[in-house]
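Chemist: Pasting model.cif here (mmCIF, C-alpha atoms):
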```
data_data
#
loop_
_atom_site.label_atom_id
_atom_site.label_comp_id
_atom_site.auth_asym_id
_atom_site.auth_seq_id
_atom_site.Cartn_x
_atom_site.Cartn_y
_atom_site.Cartn_z
CA MET C 214 109.21 71.19 88.27
CA SER C 215 111.35 74.17 89.09
CA GLU C 216 114.93 75.24 88.64
CA THR C 217 117.29 76.51 91.28
CA TRP C 218 120.79 77.88 91.54
CA PHE C 219 121.30 75.77 94.65
CA PRO C 220 123.98 73.11 94.12
CA GLY C 221 123.02 69.55 94.88
CA ALA C 222 119.31 70.23 94.45
CA ASP C 223 118.94 69.57 90.76
CA ALA C 224 115.54 68.56 89.51
CA ASP C 225 114.92 64.90 88.82
CA PRO C 226 113.11 64.78 85.48
CA GLY C 227 109.71 63.24 85.92
CA ALA C 228 109.62 63.73 89.67
CA HIS C 229 107.22 66.38 90.93
CA VAL C 230 109.25 67.56 93.85
CA GLY C 231 109.51 71.25 94.67
CA VAL C 232 112.81 73.01 95.05
CA LEU C 233 112.42 73.55 98.79
CA ASP C 234 111.91 69.82 99.21
CA ARG C 235 115.01 69.11 97.18
CA VAL C 236 117.12 71.57 99.16
CA ALA C 237 115.67 70.28 102.43
CA GLY C 238 116.63 66.80 101.30
CA LEU C 239 120.26 67.76 101.85
CA ARG C 240 119.47 67.62 105.59
CA PRO C 241 117.19 64.57 105.49
CA ALA C 242 115.88 64.43 109.07
CA TYR C 243 115.34 68.19 109.15
CA GLY C 244 113.66 68.09 105.75
CA GLU C 245 111.37 65.25 106.78
CA ALA C 246 110.38 67.23 109.87
CA LEU C 247 109.48 70.17 107.63
CA ARG C 248 107.24 67.95 105.54
CA ALA C 249 105.62 66.56 108.69
CA VAL C 250 104.78 70.09 109.79
CA GLU C 251 103.26 70.82 106.40
CA ALA C 252 101.18 67.63 106.55
CA ALA C 253 100.00 68.52 110.04
CA VAL C 254 99.06 72.05 108.99
CA TRP C 255 96.82 70.62 106.28
CA GLY C 256 95.61 67.70 108.37
CA GLN C 257 94.33 69.54 111.44
CA ASP C 258 90.62 70.07 112.02
CA GLN C 259 90.48 73.64 113.32
CA VAL C 260 90.70 75.55 110.03
CA ALA C 261 89.15 74.32 106.79
CA PRO C 262 91.56 73.61 103.93
CA GLU C 263 89.75 76.14 101.73
CA ILE C 264 90.46 78.90 104.25
CA LEU C 265 94.08 77.84 104.56
CA GLU C 266 94.49 77.82 100.80
CA LEU C 267 92.99 81.28 100.41
CA ALA C 268 95.41 82.55 103.04
CA ARG C 269 98.35 80.81 101.38
CA LEU C 270 97.50 82.24 97.98
CA ARG C 271 97.00 85.74 99.35
CA ILE C 272 100.37 85.58 101.12
CA ALA C 273 101.95 84.47 97.85
CA GLN C 274 100.48 87.54 96.17
CA MET C 275 101.83 89.80 98.88
CA LEU C 276 105.33 88.33 98.65
CA GLY C 277 105.43 88.00 94.88
CA ALA C 278 105.87 84.23 95.12
CA ASP C 279 104.67 81.58 92.73
CA PRO C 280 102.22 79.56 94.86
CA ALA C 281 102.53 76.54 92.59
CA LEU C 282 106.04 76.01 93.96
CA THR C 283 104.71 75.41 97.47
CA ALA C 284 101.43 73.72 96.60
CA PRO C 285 99.78 71.88 99.50
CA PRO C 286 99.97 68.09 99.81
CA VAL C 287 96.18 67.89 99.59
CA VAL C 288 93.80 68.84 96.81
CA VAL C 289 91.89 72.01 97.61
CA ALA C 290 89.28 73.01 95.05
CA LEU C 291 88.62 76.73 94.91
CA ASP C 292 86.33 78.55 92.55
CA ALA C 293 88.35 80.22 89.79
CA ALA C 294 86.15 83.30 89.77
CA ARG C 295 86.83 83.84 93.45
CA LEU C 296 90.55 83.38 92.99
CA ALA C 297 90.52 85.99 90.25
CA GLU C 298 89.22 88.47 92.79
CA LEU C 299 91.45 87.46 95.67
CA ARG C 300 93.39 90.73 95.64
CA GLN C 301 90.08 92.58 95.96
CA TRP C 302 88.67 90.40 98.75
CA PRO C 303 87.66 93.36 100.96
CA THR C 304 85.18 94.58 98.34
CA SER C 305 84.43 91.43 96.35
CA VAL C 306 81.04 89.82 96.93
CA ARG C 307 82.59 86.40 96.34
CA PHE C 308 84.03 86.17 99.85
CA GLY C 309 82.03 85.38 102.95
CA ASP C 310 82.48 86.61 106.51
CA VAL C 311 84.80 83.84 107.68
CA GLU C 312 86.97 84.20 104.61
CA ARG C 313 87.19 87.97 105.08
CA VAL C 314 88.23 87.60 108.69
CA ALA C 315 90.83 84.98 107.78
CA LEU C 316 92.25 86.99 104.88
CA GLY C 317 92.41 90.20 106.89
CA PHE C 318 94.22 88.33 109.64
CA ALA C 319 96.62 86.68 107.19
CA GLU C 320 97.52 90.04 105.70
CA GLN C 321 98.12 91.57 109.13
CA LEU C 322 100.34 88.65 110.13
CA VAL C 323 102.56 89.18 107.11
CA VAL C 324 102.75 92.94 107.53
CA ASP C 325 103.24 93.03 111.29
CA ALA C 326 102.22 90.26 113.66
CA GLN C 327 102.92 92.47 116.64
CA GLY C 328 100.37 94.90 115.25
CA VAL C 329 97.51 92.43 115.79
CA SER C 330 95.37 94.35 118.25
CA ASP C 331 93.32 92.83 121.05
CA ASP C 332 90.17 93.74 119.10
CA HIS C 333 91.48 92.09 115.95
CA ALA C 334 92.45 88.93 117.84
CA ALA C 335 89.03 88.86 119.50
CA GLU C 336 87.33 89.13 116.12
CA VAL C 337 89.30 86.19 114.75
CA ILE C 338 88.60 84.10 117.85
CA ALA C 339 84.89 84.94 117.71
CA THR C 340 84.77 83.87 114.07
CA MET C 341 87.09 80.86 114.04
CA GLY C 342 87.39 79.83 117.66
CA GLU C 343 90.55 79.79 119.75
CA GLY C 344 91.81 76.74 117.91
CA GLY C 345 91.29 78.35 114.54
CA PHE C 346 93.05 81.48 115.74
CA LEU C 347 96.13 79.56 116.89
CA VAL C 348 96.31 77.24 113.90
CA LEU C 349 95.80 80.01 111.35
CA THR C 350 98.50 82.07 113.03
CA TYR C 351 101.06 79.29 112.81
CA ALA C 352 99.93 78.24 109.32
CA CYS C 353 100.29 81.76 107.94
CA GLY C 354 103.80 81.98 109.35
CA PHE C 355 104.60 78.66 107.73
CA PHE C 356 103.14 79.74 104.38
CA GLU C 357 105.13 82.94 104.58
CA THR C 358 108.52 81.38 105.25
CA THR C 359 108.15 78.49 102.84
CA GLN C 360 107.24 80.95 100.09
CA ARG C 361 110.09 83.26 101.04
CA ALA C 362 112.34 80.20 100.69
CA SER C 363 110.96 79.45 97.25
CA ILE C 364 111.84 82.99 96.15
CA VAL C 365 115.33 82.94 97.67
CA LEU C 366 116.06 79.65 96.03
CA GLY C 367 115.66 81.34 92.69
CA THR C 368 112.62 79.51 91.53
CA GLN C 369 110.66 82.45 90.25
CA PRO C 370 109.55 82.17 86.60
CA MET Z 44 100.73 93.19 120.79
CA SER Z 45 99.83 91.60 124.07
CA SER Z 46 101.75 90.00 126.91
CA GLU Z 47 98.53 88.52 128.24
CA PRO Z 48 97.46 85.16 126.78
CA ARG Z 49 94.64 85.66 124.32
CA THR Z 50 93.38 82.09 124.49
CA GLN Z 51 92.53 79.64 127.21
CA VAL Z 52 94.04 76.80 125.19
CA GLY Z 53 97.33 76.18 123.49
CA LEU Z 54 98.22 74.72 120.13
CA ALA Z 55 98.92 71.37 121.81
CA ASP Z 56 95.32 71.26 123.05
CA VAL Z 57 93.59 72.02 119.77
CA ALA Z 58 95.98 70.58 117.20
CA PRO Z 59 98.18 68.03 118.98
CA GLU Z 60 99.64 66.55 115.82
CA LEU Z 61 100.62 69.97 114.51
CA HIS Z 62 102.13 70.88 117.86
CA ALA Z 63 104.06 67.61 117.96
CA ALA Z 64 105.33 68.16 114.42
CA MET Z 65 106.39 71.69 115.32
CA MET Z 66 108.26 70.45 118.38
CA ASN Z 67 109.95 67.71 116.36
CA PHE Z 68 110.95 70.31 113.75
CA MET Z 69 112.83 72.09 116.53
CA ALA Z 70 114.24 68.90 118.02
CA VAL Z 71 115.85 67.62 114.84
CA ALA Z 72 117.41 71.00 114.05
CA TYR Z 73 120.23 70.42 116.54
CA PRO Z 74 122.98 69.41 116.45
CA GLY Z 75 123.60 70.65 112.97
CA LYS Z 76 126.26 71.16 110.35
CA VAL Z 77 126.67 74.91 110.87
CA ASP Z 78 128.51 76.17 113.96
CA ILE Z 79 126.17 77.01 116.81
CA VAL Z 80 127.30 80.63 117.13
CA THR Z 81 126.34 81.40 113.53
CA ARG Z 82 122.99 79.67 113.94
CA GLU Z 83 122.36 81.65 117.11
CA LEU Z 84 123.04 84.88 115.27
CA VAL Z 85 120.57 83.91 112.54
CA ARG Z 86 117.97 82.85 115.11
CA ILE Z 87 118.31 86.08 117.07
CA TYR Z 88 118.15 88.14 113.86
CA SER Z 89 114.94 86.35 112.89
CA GLY Z 90 113.52 86.98 116.35
CA ARG Z 91 114.33 90.67 116.10
CA GLU Z 92 112.79 90.96 112.64
CA SER Z 93 109.73 89.07 113.81
CA HIS Z 94 109.43 91.38 116.84
CA CYS Z 95 109.33 88.39 119.15
CA ARG Z 96 110.57 89.27 122.63
CA ILE Z 97 111.30 85.67 123.59
CA CYS Z 98 113.07 84.80 120.35
CA ARG Z 99 115.31 87.85 120.30
CA ASN Z 100 116.22 87.54 123.98
CA PHE Z 101 116.69 83.80 124.23
CA ARG Z 102 120.33 82.72 124.55
CA LEU Z 103 121.82 79.25 124.35
CA ARG Z 104 124.59 78.80 126.89
CA VAL Z 105 126.32 76.33 124.60
CA ALA Z 106 126.70 79.11 122.02
CA ILE Z 107 128.15 81.41 124.66
CA ASP Z 108 130.59 78.66 125.59
CA ARG Z 109 131.68 78.54 121.96
CA GLY Z 110 132.25 82.23 121.43
CA PHE Z 111 128.91 84.01 121.19
CA ASP Z 112 128.79 87.37 122.93
CA GLU Z 113 126.29 90.21 123.03
CA SER Z 114 128.48 92.58 121.03
CA MET Z 115 127.74 90.37 118.02
CA VAL Z 116 124.04 91.17 118.31
CA ASP Z 117 124.78 94.89 118.36
CA GLN Z 118 126.70 94.52 115.11
CA MET Z 119 123.84 92.96 113.18
CA ASP Z 120 122.43 96.34 112.27
CA ASP Z 121 125.49 97.32 110.25
CA LEU Z 122 126.84 94.11 108.82
CA GLU Z 123 129.11 95.69 106.25
CA HIS Z 124 131.06 97.57 108.93
CA SER Z 125 130.86 94.91 111.60
CA ASP Z 126 133.67 92.80 113.03
CA LEU Z 127 131.70 89.62 112.56
CA ALA Z 128 133.44 86.76 110.78
CA PRO Z 129 132.90 86.56 107.01
CA HIS Z 130 130.84 83.39 107.28
CA GLN Z 131 128.64 84.98 109.93
CA LYS Z 132 128.09 87.99 107.67
CA ALA Z 133 127.16 85.70 104.80
CA ALA Z 134 124.63 83.84 106.94
CA LEU Z 135 123.12 87.07 108.21
CA ARG Z 136 122.87 88.50 104.69
CA LEU Z 137 120.91 85.40 103.75
CA ALA Z 138 118.65 86.02 106.76
CA ARG Z 139 118.31 89.72 105.94
CA ASP Z 140 117.20 89.05 102.38
CA PHE Z 141 115.07 86.05 103.28
CA LEU Z 142 113.07 87.96 105.87
CA GLY Z 143 113.16 91.37 104.27
CA ASP Z 144 113.44 91.18 100.50
CA PRO Z 145 113.88 87.62 99.21
CA GLN Z 146 114.01 88.76 95.59
CA ALA Z 147 117.22 90.64 96.49
CA PHE Z 148 119.15 87.43 97.14
CA ASP Z 149 121.07 87.67 93.88
CA ALA Z 150 123.96 85.85 92.27
CA ASP Z 151 126.53 87.72 94.33
CA ALA Z 152 124.77 86.78 97.54
CA GLN Z 153 124.52 83.17 96.39
CA ALA Z 154 128.23 83.09 95.63
CA GLU Z 155 129.06 84.60 99.00
CA LEU Z 156 126.93 81.98 100.75
CA PHE Z 157 128.70 79.11 99.05
CA ALA Z 158 132.11 80.65 99.60
CA HIS Z 159 131.56 79.91 103.29
CA PHE Z 160 129.05 77.06 103.49
CA THR Z 161 128.60 73.69 101.89
CA PRO Z 162 125.22 72.97 100.24
CA GLU Z 163 124.28 70.86 103.27
CA GLN Z 164 125.08 73.75 105.60
CA ALA Z 165 123.26 76.30 103.45
CA ALA Z 166 120.22 74.02 103.35
CA GLU Z 167 120.30 73.94 107.15
CA LEU Z 168 120.34 77.74 107.35
CA ILE Z 169 117.37 77.96 104.98
CA LEU Z 170 115.47 75.37 107.01
CA ASP Z 171 116.26 77.36 110.14
CA LEU Z 172 114.77 80.46 108.53
CA VAL Z 173 111.68 78.54 107.46
CA ARG Z 174 111.29 77.25 111.02
CA PHE Z 175 111.92 80.29 113.21
CA ARG Z 176 109.26 82.79 112.16
CA PRO Z 177 106.04 80.71 112.39
CA GLY Z 178 106.75 79.94 116.03
CA SER Z 179 107.71 83.55 116.69
CA LYS Z 180 104.46 84.81 115.25
CA LEU Z 181 102.46 82.29 117.24
CA THR Z 182 104.18 83.43 120.42
CA VAL Z 183 103.59 87.10 119.68
CA VAL Z 184 99.99 86.83 118.50
CA ALA Z 185 98.88 84.39 121.19
CA GLY Z 186 100.11 86.84 123.81
CA ASP Z 187 102.68 84.47 125.23
CA GLU Z 188 105.52 86.96 125.41
CA PRO Z 189 106.94 88.09 128.75
CA ALA Z 190 105.89 91.60 129.76
CA GLU Z 191 109.45 92.83 130.12
CA GLU Z 192 112.61 92.70 128.04
CA GLY Z 193 115.41 90.62 129.49
CA LEU Z 194 117.77 87.92 128.35
CA ILE Z 195 116.61 84.34 128.85
CA TYR Z 196 119.33 81.71 129.20
CA SER Z 197 119.00 78.02 128.50
#
```
Using structure tokens, write down the structure from this file.
Modeler:
Amino acid sequence: MSETWFPGADADPGAHVGVLDRVAGLRPAYGEALRAVEAAVWGQDQVAPEILELARLRIAQMLGADPALTAPPVVVALDAARLAELRQWPTSVRFGDVERVALGFAEQLVVDAQGVSDDHAAEVIATMGEGGFLVLTYACGFFETTQRASIVLGTQP
Amino acid sequence: MSSEPRTQVGLADVAPELHAAMMNFMAVAYPGKVDIVTRELVRIYSGRESHCRICRNFRLRVAIDRGFDESMVDQMDDLEHSDLAPHQKAALRLARDFLGDPQAFDADAQAELFAHFTPEQAAELILDLVRFRPGSKLTVVAGDEPAEEGLIYS
């Protein structure tokens, strides 16, 4: 449960609904469409949920967001020891090749999507396929803006 | 960046449900509770900040019909000294903080937002900001941008 300064989006005690959901609920059809996008991001078959979750958590670190406030609608089990080294993924032995490519791409997308070079795009496509490349691109943008929203809405601890 | 497609397939081919959800997210956004000129300004600002050539150059004729003009875009870079309406400045300050430094959206900014917008309208602006950038980044990274700058009217 999280608090917000946003009027009309007060928390319902006992209901585990994030603040972005509550604010989005003020525009019901628009909010439902947001949730449908989130479900589709996690339901597609081009990028594994574990890769998506690593990207989401790394983006949260970069933005200074609390990832618990935008937790995915599916359970994704990640090794705690790996998560503890997520900031050091380029040098940590706990991350494999696909994860490194995905995390490097996620970081570049947050910093400057236009700065993704042809070589970088080719590396991601070679590792994850064209479908993985497209889905991860959109998913990282979605993770970025939903977490930016969680910060703006004043839900930081 | 690239203005040449980097893939032989599109999102609709590889993840049809995600593509459909994304398209529906756009479809239900309009008509909304905030005036279309203000929403256009926020959309164009997001497109500029996301370095998306399509998003920053796309123009809705209905917004032009209702008062949007290009001089408004030029004034986005210096909001405090602009001639934009107070509610447009408030919406663009939300966009500026959201996309640039979300932790900076402080109590004063919150008060300014609600001096001009109802909670329902402010929620719509936040949903707009959540929606715009993922599509912009997909367009940019997939190499689907036009090679040249130029306004696109719809």
Chemist: Give me, as a short mmCIF file (atom, residue, chain, number, x, y, z; two decimals) with C-alpha atoms, in the frame of the given file, all polymer residues having an atom no more than 9 Å from Ala152 of chain Z, counting all atoms listed in the file and skipping those fewer than 5 positions away in the same chain.
Modeler:
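And here is the file that came out, selection-v4.cif:
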```
data_model
loop_
_atom_site.label_atom_id
_atom_site.label_comp_id
_atom_site.auth_asym_id
_atom_site.auth_seq_id
_atom_site.Cartn_x
_atom_site.Cartn_y
_atom_site.Cartn_z
CA ALA Z 133 127.16 85.70 104.80
CA ARG Z 136 122.87 88.50 104.69
CA LEU Z 137 120.91 85.40 103.75
CA ALA Z 147 117.22 90.64 96.49
CA PHE Z 157 128.70 79.11 99.05
#
```
Chemist: Do you know which residues are at most 10 Å from Ile87 of chain Z counting all atoms listed in the file, after dropping those on the same chain fewer than 3 positions away, and could you put them as a ChimeraX atom specification?
Modeler: /Z:81-84,90-93,95,97-102,116,119,175
Chemist: Write out, as a PDB file, in the frame of the given file, the residues just selected, with C-alpha atoms.
Modeler:
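Output file again29.pdb is given in full below:
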```pdb
ATOM      1  CA  THR Z  81     126.340  81.400 113.530  1.00  0.00           C
ATOM      2  CA  ARG Z  82     122.990  79.670 113.940  1.00  0.00           C
ATOM      3  CA  GLU Z  83     122.360  81.650 117.110  1.00  0.00           C
ATOM      4  CA  LEU Z  84     123.040  84.880 115.270  1.00  0.00           C
ATOM      5  CA  GLY Z  90     113.520  86.980 116.350  1.00  0.00           C
ATOM      6  CA  ARG Z  91     114.330  90.670 116.100  1.00  0.00           C
ATOM      7  CA  GLU Z  92     112.790  90.960 112.640  1.00  0.00           C
ATOM      8  CA  SER Z  93     109.730  89.070 113.810  1.00  0.00           C
ATOM      9  CA  CYS Z  95     109.330  88.390 119.150  1.00  0.00           C
ATOM     10  CA  ILE Z  97     111.300  85.670 123.590  1.00  0.00           C
ATOM     11  CA  CYS Z  98     113.070  84.800 120.350  1.00  0.00           C
ATOM     12  CA  ARG Z  99     115.310  87.850 120.300  1.00  0.00           C
ATOM     13  CA  ASN Z 100     116.220  87.540 123.980  1.00  0.00           C
ATOM     14  CA  PHE Z 101     116.690  83.800 124.230  1.00  0.00           C
ATOM     15  CA  ARG Z 102     120.330  82.720 124.550  1.00  0.00           C
ATOM     16  CA  VAL Z 116     124.040  91.170 118.310  1.00  0.00           C
ATOM     17  CA  MET Z 119     123.840  92.960 113.180  1.00  0.00           C
ATOM     18  CA  PHE Z 175     111.920  80.290 113.210  1.00  0.00           C
TER      19      PHE Z 175
END
```
Chemist: Give me, please, the distance in Å between atom CA of Ala362 of chain C and atom CA of Ala70 of chain Z, quoted to one decimal.
Modeler: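 Distance reported for this atom pair: 20.8 Å.
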Chemist: Taking the file as shown, find all residues satisfying the PyMOL selection byres ((chain C and resi 243) around 8) and write them as a ChimeraX atom specification.
Modeler: /C:237,240-242,244-247 /Z:68,71-72,167,170
Chemist: Could you tell me which residues the PyMOL selection byres ((chain C and resi 275) around 12) returns for this structure, as a PyMOL selection string?
Modeler: (chain C and resi 268-274+276-280+299-300+316+319-324+356-357+360-361) or (chain Z and resi 144)
Chemist: Identify which of the residues Z:Met66, Z:Val173, Z:Leu194, Z:Val77 lies closest to chain C, counting all atoms listed in the file when measuring atom-to-atom distances.
Modeler: Z:Val173
Chemist: Which residues are close to Ile338 of chain C, i.e. within 10 Å by only C-alpha atoms, leaving aside same-chain residues fewer than 4 positions away? Reply as a PyMOL selection string.
Modeler: (chain C and resi 314+332-334+342-347) or (chain Z and resi 49-50)
Chemist: Go through C:Gly238, C:Gly221, C:Gly328, C:Gly309 and flag the residue nearest Leu267 of chain C, using all atoms listed in the file for the distances.
Modeler: C:Gly309
Chemist: Kindly provide, as an mmCIF file with C-alpha atoms, in the frame of the given file, the polymer residues lying within 10 Å of (127.3, 79.0, 114.5), counting all atoms listed in the file and using the coordinates exactly as they appear in the file.
Modeler:
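Below is the file that was written, part-v6.cif:
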```
data_model
loop_
_atom_site.group_PDB
_atom_site.id
_atom_site.type_symbol
_atom_site.label_atom_id
_atom_site.label_comp_id
_atom_site.auth_asym_id
_atom_site.auth_seq_id
_atom_site.Cartn_x
_atom_site.Cartn_y
_atom_site.Cartn_z
ATOM 1 C CA GLY Z 75 123.600 70.650 112.970
ATOM 2 C CA LYS Z 76 126.260 71.160 110.350
ATOM 3 C CA VAL Z 77 126.670 74.910 110.870
ATOM 4 C CA ASP Z 78 128.510 76.170 113.960
ATOM 5 C CA ILE Z 79 126.170 77.010 116.810
ATOM 6 C CA VAL Z 80 127.300 80.630 117.130
ATOM 7 C CA THR Z 81 126.340 81.400 113.530
ATOM 8 C CA ARG Z 82 122.990 79.670 113.940
ATOM 9 C CA GLU Z 83 122.360 81.650 117.110
ATOM 10 C CA LEU Z 84 123.040 84.880 115.270
ATOM 11 C CA VAL Z 85 120.570 83.910 112.540
ATOM 12 C CA ALA Z 106 126.700 79.110 122.020
ATOM 13 C CA ARG Z 109 131.680 78.540 121.960
ATOM 14 C CA GLY Z 110 132.250 82.230 121.430
ATOM 15 C CA PHE Z 111 128.910 84.010 121.190
ATOM 16 C CA HIS Z 130 130.840 83.390 107.280
ATOM 17 C CA GLN Z 131 128.640 84.980 109.930
ATOM 18 C CA ALA Z 134 124.630 83.840 106.940
#
```
Chemist: Taking the file above as input, evaluate the PyMOL selection byres ((chain C and resi 251-263) around 10) and report the hits as number ranges by chain.
Modeler: C: 245-250, 264-269, 285-291, 312, 315, 341-349, 351-353, 355-356, 359; Z: 57-65
Chemist: Store the residues picked out above in a file with C-alpha atoms, as a short mmCIF file (atom, residue, chain, number, x, y, z; two decimals), keeping the file's coordinate frame.
Modeler:
```cif
data_model
loop_
_atom_site.label_atom_id
_atom_site.label_comp_id
_atom_site.auth_asym_id
_atom_site.auth_seq_id
_atom_site.Cartn_x
_atom_site.Cartn_y
_atom_site.Cartn_z
CA GLU C 245 111.37 65.25 106.78
CA ALA C 246 110.38 67.23 109.87
CA LEU C 247 109.48 70.17 107.63
CA ARG C 248 107.24 67.95 105.54
CA ALA C 249 105.62 66.56 108.69
CA VAL C 250 104.78 70.09 109.79
CA ILE C 264 90.46 78.90 104.25
CA LEU C 265 94.08 77.84 104.56
CA GLU C 266 94.49 77.82 100.80
CA LEU C 267 92.99 81.28 100.41
CA ALA C 268 95.41 82.55 103.04
CA ARG C 269 98.35 80.81 101.38
CA PRO C 285 99.78 71.88 99.50
CA PRO C 286 99.97 68.09 99.81
CA VAL C 287 96.18 67.89 99.59
CA VAL C 288 93.80 68.84 96.81
CA VAL C 289 91.89 72.01 97.61
CA ALA C 290 89.28 73.01 95.05
CA LEU C 291 88.62 76.73 94.91
CA GLU C 312 86.97 84.20 104.61
CA ALA C 315 90.83 84.98 107.78
CA MET C 341 87.09 80.86 114.04
CA GLY C 342 87.39 79.83 117.66
CA GLU C 343 90.55 79.79 119.75
CA GLY C 344 91.81 76.74 117.91
CA GLY C 345 91.29 78.35 114.54
CA PHE C 346 93.05 81.48 115.74
CA LEU C 347 96.13 79.56 116.89
CA VAL C 348 96.31 77.24 113.90
CA LEU C 349 95.80 80.01 111.35
CA TYR C 351 101.06 79.29 112.81
CA ALA C 352 99.93 78.24 109.32
CA CYS C 353 100.29 81.76 107.94
CA PHE C 355 104.60 78.66 107.73
CA PHE C 356 103.14 79.74 104.38
CA THR C 359 108.15 78.49 102.84
CA VAL Z 57 93.59 72.02 119.77
CA ALA Z 58 95.98 70.58 117.20
CA PRO Z 59 98.18 68.03 118.98
CA GLU Z 60 99.64 66.55 115.82
CA LEU Z 61 100.62 69.97 114.51
CA HIS Z 62 102.13 70.88 117.86
CA ALA Z 63 104.06 67.61 117.96
CA ALA Z 64 105.33 68.16 114.42
CA MET Z 65 106.39 71.69 115.32
#
```
Chemist: Produce segment 294-313 of chain C of the given structure as output with N, CA and C atoms, as a compact mmCIF listing (two decimals), in the first residue's frame.
Modeler:
```
# COMPACT_ATOMS: atom_id res chain seq x y z
N ALA C 294 20.74 -13.30 -4.48
CA ALA C 294 22.17 -12.96 -4.61
C ALA C 294 22.43 -12.21 -5.92
N ARG C 295 21.72 -12.60 -6.95
CA ARG C 295 21.88 -11.89 -8.22
C ARG C 295 21.34 -10.47 -8.12
N LEU C 296 20.18 -10.34 -7.49
CA LEU C 296 19.60 -9.01 -7.36
C LEU C 296 20.50 -8.07 -6.57
N ALA C 297 21.19 -8.64 -5.59
CA ALA C 297 22.10 -7.81 -4.78
C ALA C 297 23.24 -7.26 -5.62
N GLU C 298 23.50 -7.90 -6.73
CA GLU C 298 24.61 -7.45 -7.58
C GLU C 298 24.12 -6.80 -8.89
N LEU C 299 22.85 -6.45 -8.91
CA LEU C 299 22.28 -5.92 -10.15
C LEU C 299 22.99 -4.65 -10.63
N ARG C 300 23.34 -3.78 -9.70
CA ARG C 300 24.03 -2.55 -10.11
C ARG C 300 25.40 -2.85 -10.74
N GLN C 301 25.97 -3.97 -10.36
CA GLN C 301 27.30 -4.34 -10.87
C GLN C 301 27.21 -5.41 -11.97
N TRP C 302 26.09 -5.47 -12.68
CA TRP C 302 25.91 -6.53 -13.67
C TRP C 302 27.03 -6.62 -14.72
N PRO C 303 27.67 -5.51 -15.11
CA PRO C 303 28.71 -5.68 -16.15
C PRO C 303 29.89 -6.53 -15.68
N THR C 304 30.16 -6.54 -14.37
CA THR C 304 31.32 -7.28 -13.88
C THR C 304 30.93 -8.48 -13.02
N SER C 305 29.67 -8.59 -12.64
CA SER C 305 29.25 -9.71 -11.80
C SER C 305 29.19 -11.01 -12.59
N VAL C 306 29.63 -12.08 -11.97
CA VAL C 306 29.61 -13.39 -12.63
C VAL C 306 28.22 -14.02 -12.56
N ARG C 307 27.30 -13.37 -11.87
CA ARG C 307 25.97 -13.94 -11.68
C ARG C 307 25.03 -13.68 -12.87
N PHE C 308 25.51 -12.95 -13.86
CA PHE C 308 24.65 -12.63 -15.01
C PHE C 308 25.20 -13.26 -16.28
N GLY C 309 24.31 -13.91 -17.02
CA GLY C 309 24.70 -14.57 -18.25
C GLY C 309 24.69 -13.61 -19.44
N ASP C 310 25.00 -14.15 -20.60
CA ASP C 310 25.14 -13.32 -21.80
C ASP C 310 23.83 -12.63 -22.19
N VAL C 311 22.74 -13.37 -22.17
CA VAL C 311 21.46 -12.77 -22.57
C VAL C 311 21.08 -11.66 -21.58
N GLU C 312 21.28 -11.92 -20.31
CA GLU C 312 20.95 -10.91 -19.31
C GLU C 312 21.82 -9.67 -19.47
N ARG C 313 23.08 -9.85 -19.77
CA ARG C 313 23.97 -8.70 -19.97
C ARG C 313 23.53 -7.87 -21.17
```
